[in-house]
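Undergrad: There's a structure below that I have some questions on.
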Protein chains: 2
Amino acid sequence: MKIPEKLKYDEHGLMPAIIQDYRTKEVLMVAYMNEEALKRTLETKKTYFWSRSRQKYWLKGESSGHIQTVKGVYFDCDNDTVLITVSQKGGACHEGYRSCFFKKLNDKGEFIIAGKKVFDPKKVY
Amino acid sequence: MKIPEKLKYDEHGLMPAIIQDYRTKEVLMVAYMNEEALKRTLETKKTYFWSRSRQKYWLKGESSGHIQTVKGVYFDCDNDTVLITVSQKGGACHEGYRSCFFKKLNDKGEFIIAGKKVFDPKKVY
């Protein structure tokens with residue numbers, strides 16, 4: 001897979017990548033890719049991101065083993081966001097949940113846990 | 001619905017909002033919210049965004065009629081991204097597709113149309 005032309009990155013050279021389970025269609029996480037991370041992702045079929053906090057590339061699952069295998073790659077109308085459908089091994093969230101979006105807002109403005117815990121972070125990291 | 005504390009916005013005071021169809025789980029679009037847009041969204045149950053290009057608030061569907069009614073609001077582990085499940089009237093994309101992510105990348109690095117066209121933009125805008 002090659003990188004298409006005309007992609008638009010932000011002022012930091014990044015675009016958000018939405019990661020979605022290809023079977024359940026659950027949104028698993030959002031992280032950021034620059035051109036090199038996107039290239040590595042397309043070449044290896046494993047998701048690579050650029051960590052804004054650590055300022056380095058990371059292969060998702062490199063420490064946890066919870067690798068994401070790429071199934072489909074989609075771009076939006078503006079070419080500034082990528083949606084990647086994956087087969088997720090284990091859980092996407094470092095807190096042990098299947099999805100990072102495990103906090104649902106209730107009517108009082110409080111978070112309630114709506115996600116499924118699939119591993120114990122203490123045993124994995 | 002109140003806004004929870006501890007939300008993290010970027011240097012422009014924005015966070016990405018992932019909009020997902022609450023029934024089909026299709027990812028419809030990604031846009032940006034600041035605190036006021038999030039507040040309006042929670043109060044009215046219609047999605048409001050901050051337009052980075054036009055530097056103004058927009059009610060999704062204000063010109064097209066393709067309103068999004070909020071069904072669920074989720075935050076990720078880092079509190080810097082919101083996922084909103086909606087009932088989408090018409091299509092989310094201004095190009096006439098149900099989802100903005102209608103371009104699938106093939107092995108040659110080309111876009112192929114993978115989305116469903118649900119309205120004629122010329123007749124709507």
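Chain lettering (A, B, ...) mirrors the order of the structure tokens, residue numbering begins at 1 for each chain separately, and ligand numbering begins at 1 in order of display.
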DSSP says alpha helix (DSSP H) for which residues of chain A? Put them as a ChimeraX atom specification?
TA: /A:35-44,121-124
Undergrad: Pull out every residue of chain B sitting within 9 Å of chain A, counting only C-alpha atoms, and send them as a ChimeraX atom specification.
TA: /B:1-5,16,18,20,24-27,29-30,72-78,81-83,93-95,99-111,114
Undergrad: Those same residues, written as a compact mmCIF listing (two decimals), in the first residue's frame with N, CA and C atoms?
TA:
# COMPACT_ATOMS: atom_id res chain seq x y z
N MET B 1 -27.42 17.62 30.89
CA MET B 1 -26.05 17.09 30.95
C MET B 1 -25.04 18.21 31.21
N LYS B 2 -24.21 18.01 32.20
CA LYS B 2 -23.16 18.99 32.49
C LYS B 2 -21.85 18.54 31.83
N ILE B 3 -20.94 19.48 31.76
CA ILE B 3 -19.61 19.15 31.25
C ILE B 3 -18.76 18.61 32.40
N PRO B 4 -18.14 17.47 32.20
CA PRO B 4 -17.31 16.94 33.29
C PRO B 4 -16.04 17.78 33.48
N GLU B 5 -15.51 17.74 34.66
CA GLU B 5 -14.23 18.40 34.91
C GLU B 5 -13.11 17.55 34.32
N PRO B 16 -10.90 16.72 19.40
CA PRO B 16 -11.60 16.05 18.31
C PRO B 16 -12.86 15.35 18.82
N ILE B 18 -15.49 12.47 17.61
CA ILE B 18 -15.77 11.39 16.66
C ILE B 18 -17.27 11.18 16.68
N GLN B 20 -20.42 8.95 15.57
CA GLN B 20 -20.70 7.57 15.15
C GLN B 20 -22.21 7.34 15.12
N THR B 24 -25.89 1.71 13.37
CA THR B 24 -24.99 0.93 12.49
C THR B 24 -23.55 0.92 12.99
N LYS B 25 -23.21 1.87 13.89
CA LYS B 25 -21.85 2.04 14.41
C LYS B 25 -20.85 2.54 13.36
N GLU B 26 -21.36 2.98 12.24
CA GLU B 26 -20.51 3.58 11.21
C GLU B 26 -19.93 4.89 11.76
N VAL B 27 -18.63 5.12 11.54
CA VAL B 27 -18.05 6.41 11.89
C VAL B 27 -18.45 7.40 10.80
N MET B 29 -18.14 11.08 10.87
CA MET B 29 -17.28 12.25 10.65
C MET B 29 -16.44 12.51 11.89
N VAL B 30 -15.44 13.37 11.72
CA VAL B 30 -14.66 13.89 12.83
C VAL B 30 -14.65 15.41 12.69
N GLY B 72 -25.48 9.22 22.80
CA GLY B 72 -24.56 8.86 23.88
C GLY B 72 -23.28 9.66 23.76
N VAL B 73 -22.66 9.96 24.90
CA VAL B 73 -21.42 10.75 24.92
C VAL B 73 -20.38 10.00 25.75
N TYR B 74 -19.23 9.77 25.15
CA TYR B 74 -18.16 8.98 25.79
C TYR B 74 -16.85 9.75 25.72
N PHE B 75 -16.03 9.59 26.74
CA PHE B 75 -14.69 10.18 26.71
C PHE B 75 -13.66 9.07 26.82
N ASP B 76 -12.47 9.36 26.29
CA ASP B 76 -11.42 8.35 26.33
C ASP B 76 -10.60 8.45 27.63
N CYS B 77 -9.71 7.52 27.80
CA CYS B 77 -8.90 7.43 29.02
C CYS B 77 -8.14 8.71 29.33
N ASP B 78 -7.71 9.43 28.29
CA ASP B 78 -6.93 10.66 28.49
C ASP B 78 -7.80 11.91 28.63
N THR B 81 -10.47 13.35 24.00
CA THR B 81 -11.24 13.05 22.79
C THR B 81 -12.64 12.63 23.20
N VAL B 82 -13.63 13.11 22.46
CA VAL B 82 -15.01 12.73 22.76
C VAL B 82 -15.59 11.89 21.61
N LEU B 83 -16.33 10.88 21.97
CA LEU B 83 -17.02 10.03 20.99
C LEU B 83 -18.51 10.23 21.22
N CYS B 93 -21.92 13.82 5.32
CA CYS B 93 -20.89 14.45 4.49
C CYS B 93 -21.48 15.45 3.51
N HIS B 94 -20.81 16.62 3.41
CA HIS B 94 -21.30 17.66 2.50
C HIS B 94 -21.16 17.25 1.03
N GLU B 95 -20.45 16.14 0.79
CA GLU B 95 -20.35 15.66 -0.59
C GLU B 95 -21.48 14.69 -0.94
N SER B 99 -21.38 8.87 5.24
CA SER B 99 -20.21 9.12 6.10
C SER B 99 -19.16 9.92 5.31
N CYS B 100 -18.40 10.75 6.03
CA CYS B 100 -17.28 11.46 5.40
C CYS B 100 -16.17 10.50 4.99
N PHE B 101 -16.12 9.32 5.59
CA PHE B 101 -15.04 8.36 5.31
C PHE B 101 -15.44 7.43 4.16
N PHE B 102 -15.71 8.02 3.02
CA PHE B 102 -16.21 7.22 1.90
C PHE B 102 -15.10 6.79 0.94
N LYS B 103 -13.86 7.20 1.23
CA LYS B 103 -12.75 6.85 0.34
C LYS B 103 -11.88 5.77 0.97
N LYS B 104 -11.89 4.62 0.37
CA LYS B 104 -11.08 3.51 0.86
C LYS B 104 -9.79 3.44 0.07
N LEU B 105 -8.70 3.17 0.76
CA LEU B 105 -7.39 3.07 0.10
C LEU B 105 -7.22 1.66 -0.44
N ASN B 106 -6.85 1.57 -1.73
CA ASN B 106 -6.55 0.23 -2.26
C ASN B 106 -5.04 -0.03 -2.21
N ASP B 107 -4.61 -1.21 -2.69
CA ASP B 107 -3.20 -1.60 -2.56
C ASP B 107 -2.26 -0.73 -3.39
N LYS B 108 -2.82 -0.02 -4.37
CA LYS B 108 -1.99 0.84 -5.22
C LYS B 108 -1.86 2.25 -4.66
N GLY B 109 -2.50 2.50 -3.49
CA GLY B 109 -2.46 3.84 -2.91
C GLY B 109 -3.47 4.77 -3.53
N GLU B 110 -4.50 4.19 -4.14
CA GLU B 110 -5.56 4.99 -4.78
C GLU B 110 -6.81 4.94 -3.92
N PHE B 111 -7.60 5.99 -4.01
CA PHE B 111 -8.89 6.01 -3.32
C PHE B 111 -9.93 5.30 -4.18
N ALA B 114 -16.09 3.90 -1.38
CA ALA B 114 -16.63 2.77 -0.62
C ALA B 114 -17.91 3.18 0.10
Undergrad: Skipping near chain neighbours, those fewer than 3 positions away, what residues fall within 9 Å of stretch 55-61 of chain A using only C-alpha atoms, listed as a PyMOL selection string?
TA: chain A and resi 33+36-37+41+46-52+64-68+89+92
Undergrad: What is the distance between atom CA of A:Glu35 and atom CA of B:Tyr9, in Å to one decimal?
TA: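 So the answer is 23.7 Å.
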Undergrad: Considering only C-alpha atoms, can you say which of A:Tyr22, A:Gly13, A:Ser87, A:Glu62 comes closest to A:Lys45?
TA: A:Ser87
Undergrad: By how many Å are atom CA of A:Lys116 and atom CA of A:Gly96 apart?
TA: 8.4 Å
Undergrad: Quick check for you: according to DSSP on this backbone, which residues of stretch 23-81 of chain A are classed as strand (DSSP E)? Reply as JSON, numbers by chain.
TA: {"A": [27, 28, 29, 30, 31, 32, 33, 48, 49, 50, 51, 56, 57, 58, 59, 68, 69, 70, 71, 72, 73, 74, 75]}
Undergrad: Neighbouring residues of A:Arg98 were defined as those with any atom within 9 Å, considering only C-alpha atoms; residues of the same chain fewer than 6 positions away were excluded. Please report them as a list in words.
TA: Leu28, Gln88, Gly90, Gly91, Ala92, Gly115, Lys116, Lys117, Val118 and Phe119 of chain A
Undergrad: Which distance in Å separates atom CA of B:Thr69 and atom CA of B:Asp120, to one decimal?
TA: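 Between these atoms lies a distance of 21.8 Å.
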Undergrad: Nearest to A:Val124: which of A:Lys71, A:Arg23, A:Tyr32, A:Ser63 is it, counting only C-alpha atoms?
TA: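 Once distances to A:Val124 are computed over only C-alpha atoms, the minimum belongs to A:Ser63.
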